[in-house]
>>> print(open('data.cif').read())   # mmCIF, C-alpha atoms and all ligand atoms
data_my_file
loop_
_atom_site.label_atom_id
_atom_site.label_comp_id
_atom_site.auth_asym_id
_atom_site.auth_seq_id
_atom_site.Cartn_x
_atom_site.Cartn_y
_atom_site.Cartn_z
CA MET N 1283 -0.59 -17.95 -4.41
CA ARG N 1284 -0.58 -14.31 -5.44
CA LYS N 1285 0.90 -11.64 -3.20
CA LEU N 1286 0.88 -8.05 -4.38
CA LEU N 1287 1.86 -4.70 -2.95
CA PHE N 1288 0.42 -1.55 -4.47
CA LEU N 1289 2.70 1.47 -4.45
CA GLY N 1290 2.09 4.95 -5.79
CA PRO N 1291 1.46 8.55 -4.88
CA PRO N 1292 -1.80 9.78 -3.37
CA GLY N 1293 -4.26 10.36 -6.18
CA ALA N 1294 -2.74 7.70 -8.45
CA GLY N 1295 -5.94 5.63 -8.36
CA LYS N 1296 -4.34 2.95 -6.20
CA GLY N 1297 -7.43 2.14 -4.14
CA THR N 1298 -9.69 1.64 -7.17
CA GLN N 1299 -7.16 -0.47 -9.04
CA ALA N 1300 -6.29 -2.49 -5.94
CA ALA N 1301 -9.97 -3.34 -5.40
CA ARG N 1302 -10.37 -4.46 -9.02
CA ILE N 1303 -7.25 -6.61 -9.08
CA ALA N 1304 -7.98 -8.18 -5.69
CA GLU N 1305 -11.40 -9.15 -6.93
CA SER N 1306 -10.24 -10.63 -10.23
CA SER N 1307 -7.37 -12.46 -8.50
CA ASN N 1308 -9.64 -13.67 -5.72
CA ILE N 1309 -7.41 -12.40 -2.93
CA PRO N 1310 -8.32 -10.06 -0.04
CA HIS N 1311 -7.81 -6.34 -0.62
CA ILE N 1312 -6.09 -5.16 2.53
CA SER N 1313 -5.98 -1.38 2.73
CA THR N 1314 -4.32 -0.01 5.86
CA GLY N 1315 -6.10 3.31 5.26
CA ASP N 1316 -9.49 1.53 5.25
CA ILE N 1317 -8.67 -0.43 8.40
CA LEU N 1318 -7.54 2.75 10.14
CA ARG N 1319 -10.68 4.65 9.07
CA SER N 1320 -12.79 1.84 10.48
CA HIS N 1321 -10.93 2.15 13.80
CA VAL N 1322 -11.49 5.91 13.77
CA ALA N 1323 -15.22 5.44 13.09
CA ARG N 1324 -15.52 2.91 15.93
CA GLN N 1325 -13.39 5.10 18.21
CA THR N 1326 -11.18 2.22 19.24
CA PRO N 1327 -8.00 3.14 21.19
CA LEU N 1328 -6.03 2.68 17.95
CA GLY N 1329 -8.51 4.87 16.07
CA VAL N 1330 -8.37 7.62 18.66
CA GLU N 1331 -4.58 7.65 18.53
CA ALA N 1332 -4.33 7.39 14.75
CA LYS N 1333 -6.84 10.14 13.96
CA SER N 1334 -4.64 13.17 14.62
CA TYR N 1335 -1.93 11.83 12.31
CA MET N 1336 -4.43 11.03 9.59
CA ASP N 1337 -6.07 14.45 9.86
CA ARG N 1338 -2.69 16.03 9.23
CA GLY N 1339 -1.71 13.70 6.40
CA GLU N 1340 1.18 12.28 8.46
CA LEU N 1341 1.99 8.60 8.69
CA VAL N 1342 0.54 6.86 11.72
CA PRO N 1343 3.51 5.65 13.83
CA ASP N 1344 4.90 2.25 12.84
CA GLN N 1345 4.32 0.65 16.24
CA LEU N 1346 0.58 1.13 15.75
CA ILE N 1347 0.55 -0.10 12.16
CA LEU N 1348 2.80 -3.15 12.22
CA ASN N 1349 0.75 -5.09 14.73
CA MET N 1350 -2.43 -4.22 12.87
CA VAL N 1351 -1.04 -5.61 9.59
CA ASP N 1352 0.43 -8.68 11.29
CA GLU N 1353 -2.98 -9.56 12.74
CA ARG N 1354 -4.79 -8.95 9.48
CA LEU N 1355 -2.42 -11.23 7.57
CA GLN N 1356 -3.07 -14.01 10.05
CA GLU N 1357 -6.77 -14.11 9.23
CA ALA N 1358 -8.08 -17.10 7.33
CA ASP N 1359 -8.76 -15.31 4.05
CA ALA N 1360 -5.15 -14.12 3.80
CA GLN N 1361 -3.56 -17.57 3.88
CA ASN N 1362 -3.69 -18.04 0.11
CA GLY N 1363 -2.46 -14.66 -1.02
CA TRP N 1364 -3.25 -11.01 -0.49
CA LEU N 1365 -3.06 -7.54 -1.92
CA LEU N 1366 -1.64 -4.87 0.36
CA ASP N 1367 -2.75 -1.33 -0.51
CA GLY N 1368 -1.12 1.58 1.31
CA PHE N 1369 1.40 -0.59 3.10
CA PRO N 1370 4.40 -0.45 3.28
CA ARG N 1371 4.74 3.34 3.41
CA ASN N 1372 8.37 3.57 4.58
CA VAL N 1373 11.53 1.48 4.85
CA THR N 1374 10.72 0.15 8.33
CA GLN N 1375 7.39 -1.18 7.09
CA ALA N 1376 9.02 -2.70 3.99
CA THR N 1377 11.53 -4.50 6.21
CA PHE N 1378 8.65 -5.78 8.29
CA VAL N 1379 6.93 -7.26 5.21
CA ASP N 1380 10.14 -9.14 4.38
CA LYS N 1381 10.42 -10.42 7.92
CA LEU N 1382 6.83 -11.70 7.99
CA ILE N 1383 7.24 -13.42 4.64
CA LEU N 1384 10.58 -15.00 5.53
CA GLU N 1385 9.12 -16.37 8.77
CA LYS N 1386 6.24 -17.91 6.86
CA MET N 1387 8.56 -19.43 4.25
CA LYS N 1388 10.76 -20.93 6.97
CA THR N 1389 7.73 -22.36 8.76
CA ALA N 1390 6.67 -23.90 5.45
CA GLY N 1391 10.07 -25.62 5.29
CA ILE N 1392 11.41 -23.67 2.30
CA ALA N 1393 15.22 -23.84 2.20
CA ASN N 1394 17.07 -20.57 1.55
CA PRO N 1395 13.92 -18.44 1.44
CA ASP N 1396 14.14 -15.26 -0.62
CA SER N 1397 11.39 -12.77 0.09
CA SER N 1398 11.98 -10.91 -3.19
CA GLN N 1399 10.61 -13.97 -5.02
CA ALA N 1400 7.48 -14.07 -2.88
CA PHE N 1401 5.57 -10.98 -4.00
CA GLN N 1402 5.30 -8.43 -6.78
CA VAL N 1403 5.04 -4.68 -6.42
CA VAL N 1404 2.62 -2.80 -8.66
CA TYR N 1405 3.84 0.77 -8.97
CA LEU N 1406 1.41 3.27 -10.45
CA GLU N 1407 3.42 6.05 -12.03
CA VAL N 1408 1.70 9.40 -12.43
CA PRO N 1409 3.32 12.77 -13.29
CA ASP N 1410 3.56 15.23 -10.40
CA GLU N 1411 1.15 17.79 -11.83
CA VAL N 1412 -1.52 15.13 -12.38
CA ILE N 1413 -1.13 13.82 -8.83
CA LEU N 1414 -1.87 17.19 -7.31
CA GLN N 1415 -4.86 17.83 -9.53
CA ARG N 1416 -6.35 14.38 -8.92
CA ALA N 1417 -5.69 14.42 -5.18
CA LEU N 1418 -7.48 17.75 -4.85
CA GLU N 1419 -10.42 16.52 -6.95
CA ARG N 1420 -11.00 13.28 -5.11
CA GLY N 1421 -10.29 14.80 -1.67
CA ARG N 1422 -12.35 13.10 1.00
CA ALA N 1423 -14.90 15.32 2.71
CA ASP N 1424 -12.69 15.77 5.77
CA ASP N 1425 -9.55 16.59 3.75
CA THR N 1426 -8.19 20.08 3.69
CA LYS N 1427 -5.89 21.23 0.92
CA GLU N 1428 -3.11 21.41 3.50
CA THR N 1429 -3.63 17.76 4.47
CA ILE N 1430 -3.53 16.70 0.84
CA LEU N 1431 -0.35 18.66 0.15
CA ASN N 1432 1.23 17.19 3.26
CA ARG N 1433 0.28 13.68 2.20
CA ILE N 1434 2.05 14.23 -1.13
CA GLN N 1435 5.11 15.60 0.69
CA VAL N 1436 5.17 12.60 3.06
CA TYR N 1437 4.87 10.28 0.07
CA ARG N 1438 7.88 11.91 -1.58
CA SER N 1439 10.12 11.81 1.44
CA GLU N 1440 9.14 8.54 3.13
CA THR N 1441 7.38 6.26 0.64
CA SER N 1442 8.94 7.00 -2.76
CA PRO N 1443 12.38 5.57 -1.75
CA LEU N 1444 10.65 2.18 -1.80
CA VAL N 1445 10.34 2.44 -5.59
CA GLU N 1446 14.11 2.13 -5.97
CA PHE N 1447 14.29 -0.46 -3.17
CA TYR N 1448 11.91 -2.82 -5.01
CA ARG N 1449 13.25 -1.95 -8.46
CA GLU N 1450 16.74 -3.05 -7.46
CA ARG N 1451 15.33 -6.33 -6.17
CA GLY N 1452 13.57 -6.94 -9.49
CA GLN N 1453 10.09 -6.86 -7.97
CA LEU N 1454 8.78 -3.65 -9.45
CA LEU N 1455 6.07 -3.66 -12.12
CA GLU N 1456 5.96 -0.13 -13.44
CA ILE N 1457 2.51 0.78 -14.65
CA ASN N 1458 1.54 3.97 -16.44
CA GLY N 1459 -1.15 5.33 -14.12
CA ASN N 1460 -1.88 8.25 -16.40
CA GLN N 1461 -4.39 6.39 -18.60
CA SER N 1462 -8.10 5.72 -18.30
CA MET N 1463 -9.06 3.58 -15.31
CA ASP N 1464 -9.88 0.62 -17.53
CA ASP N 1465 -6.58 0.86 -19.38
CA VAL N 1466 -4.67 1.00 -16.11
CA THR N 1467 -6.49 -2.16 -14.96
CA LYS N 1468 -5.59 -3.88 -18.23
CA SER N 1469 -1.94 -2.88 -17.92
CA ILE N 1470 -1.76 -4.26 -14.38
CA LYS N 1471 -3.40 -7.53 -15.40
CA ASN N 1472 -0.89 -7.91 -18.22
CA ALA N 1473 2.04 -7.22 -15.94
CA ILE N 1474 1.29 -9.48 -12.98
CA SER N 1475 2.43 -13.04 -13.44
CA HIS N 1476 -0.23 -15.57 -14.34
P1 LIG A 1501 -4.78 6.01 2.57
O1 LIG A 1501 -6.22 5.66 2.58
O2 LIG A 1501 -3.89 4.85 2.21
O3 LIG A 1501 -4.48 7.24 1.76
O4 LIG A 1501 -4.39 6.37 4.08
C1 LIG A 1501 -4.98 7.45 4.77
C2 LIG A 1501 -4.13 7.84 5.96
O5 LIG A 1501 -4.00 6.73 6.87
C3 LIG A 1501 -2.69 8.22 5.63
O6 LIG A 1501 -2.59 9.57 5.26
C4 LIG A 1501 -1.98 7.91 6.93
O7 LIG A 1501 -2.22 8.91 7.90
C5 LIG A 1501 -2.69 6.66 7.40
N1 LIG A 1501 -2.04 5.42 6.89
C6 LIG A 1501 -2.54 4.53 6.00
N2 LIG A 1501 -1.69 3.52 5.78
C7 LIG A 1501 -0.61 3.77 6.57
C8 LIG A 1501 0.63 3.11 6.79
N3 LIG A 1501 0.94 1.97 6.14
N4 LIG A 1501 1.49 3.66 7.67
C9 LIG A 1501 1.19 4.79 8.32
N5 LIG A 1501 0.06 5.48 8.15
C10 LIG A 1501 -0.84 4.98 7.28
#
>>> encode(input="data.cif", output="structure tokens", more="lines below")
Ligand code: AMP
Amino acid sequence: MRKLLFLGPPGAGKGTQAARIAESSNIPHISTGDILRSHVARQTPLGVEAKSYMDRGELVPDQLILNMVDERLQEADAQNGWLLDGFPRNVTQATFVDKLILEKMKTAGIANPDSSQAFQVVYLEVPDEVILQRALERGRADDTKETILNRIQVYRSETSPLVEFYRERGQLLEINGNQSMDDVTKSIKNAISH
């Protein structure tokens, strides 16, 4: 039962790699950004509220995100593993992942559950100057340069502390994201446990 988190700066190629690995591992690719964009397109109450944060490159508040992820992970296709892309994005969200996993392990009757054994974290490492260049190149039609720069800033201050958090717990698979797309995919496949 494979459970993976994908971590890395905006423009690291996370979405593309996550889709490839989810497909080859036969697990659902759960991207919080994709789910949020679908809410925005459908103008659901969540979408309407989330939009202003997304337009600015800010994180959507945790109380909107946590419930959304909880519900998604309860769906049938997520019972035998999953790949989370774009979540967690801060320490509160990382704590929430642990809590969900521990609850599941307890329900399954596992004694002394340890969430750090339950999933691996794929970290795509890309040098700062490459991140900026790539993020500007791939910018979605509705992205302004300001939004992109803000997203990078938010990543540095809120999300990047998770790298150390997972490294200390021995869960981090550090992947050189500054290679061709196919080579990055190969490196990830080699690193994740079989
Ligand atoms: P992404 O497609 O992952 O780059 O996400 C696009 C935007 O959606 C981000 O800039 C945030 O505004 C929002 N978003 C996606 N995932 C999260 C999350 N886990 N927590 C908060 N906001 C998120």
>>> residues_near_ligand(input="data.cif", ligand="ligand LIG 1501 (chain A)", cutoff="7 Å", atoms="all atoms listed in the file", output="PyMOL selection string")
chain N and resi 1292+1313-1316+1318+1335-1336+1339-1344+1347+1367-1371+1433
>>> residues_around(input="data.cif", residues="segment 1453-1455 of chain N", least_positions_apart="2", cutoff="12 Å", atoms="only C-alpha atoms", output="JSON, numbers by chain")
{"N": [1285, 1286, 1287, 1288, 1289, 1290, 1396, 1397, 1398, 1399, 1400, 1401, 1402, 1403, 1404, 1405, 1406, 1407, 1444, 1445, 1446, 1447, 1448, 1449, 1450, 1451, 1457, 1458, 1459, 1469, 1470, 1471, 1472, 1473, 1474, 1475]}
>>> atom_distance(input="data.cif", atom1="atom CA of Ile1430 of chain N", atom2="atom CA of Leu1418 of chain N")
7.0 Å
>>> closest_residue(input="data.cif", among="N:Lys1386, N:Arg1284, N:Lys1333, N:Arg1420", to="His1311 of chain N", atoms="only C-alpha atoms")
N:Arg1284
>>> residues_around(input="data.cif", residues="Ile1413 of chain N", least_positions_apart="5", cutoff="9 Å", atoms="all atoms listed in the file", output="PDB file with C-alpha atoms, keeping the file's coordinate frame")
ATOM      1  CA  PRO N1291       1.460   8.550  -4.880  1.00  0.00           C
ATOM      2  CA  PRO N1292      -1.800   9.780  -3.370  1.00  0.00           C
ATOM      3  CA  GLY N1293      -4.260  10.360  -6.180  1.00  0.00           C
ATOM      4  CA  ALA N1294      -2.740   7.700  -8.450  1.00  0.00           C
ATOM      5  CA  VAL N1408       1.700   9.400 -12.430  1.00  0.00           C
ATOM      6  CA  LEU N1418      -7.480  17.750  -4.850  1.00  0.00           C
ATOM      7  CA  ILE N1434       2.050  14.230  -1.130  1.00  0.00           C
TER       8      ILE N1434
END
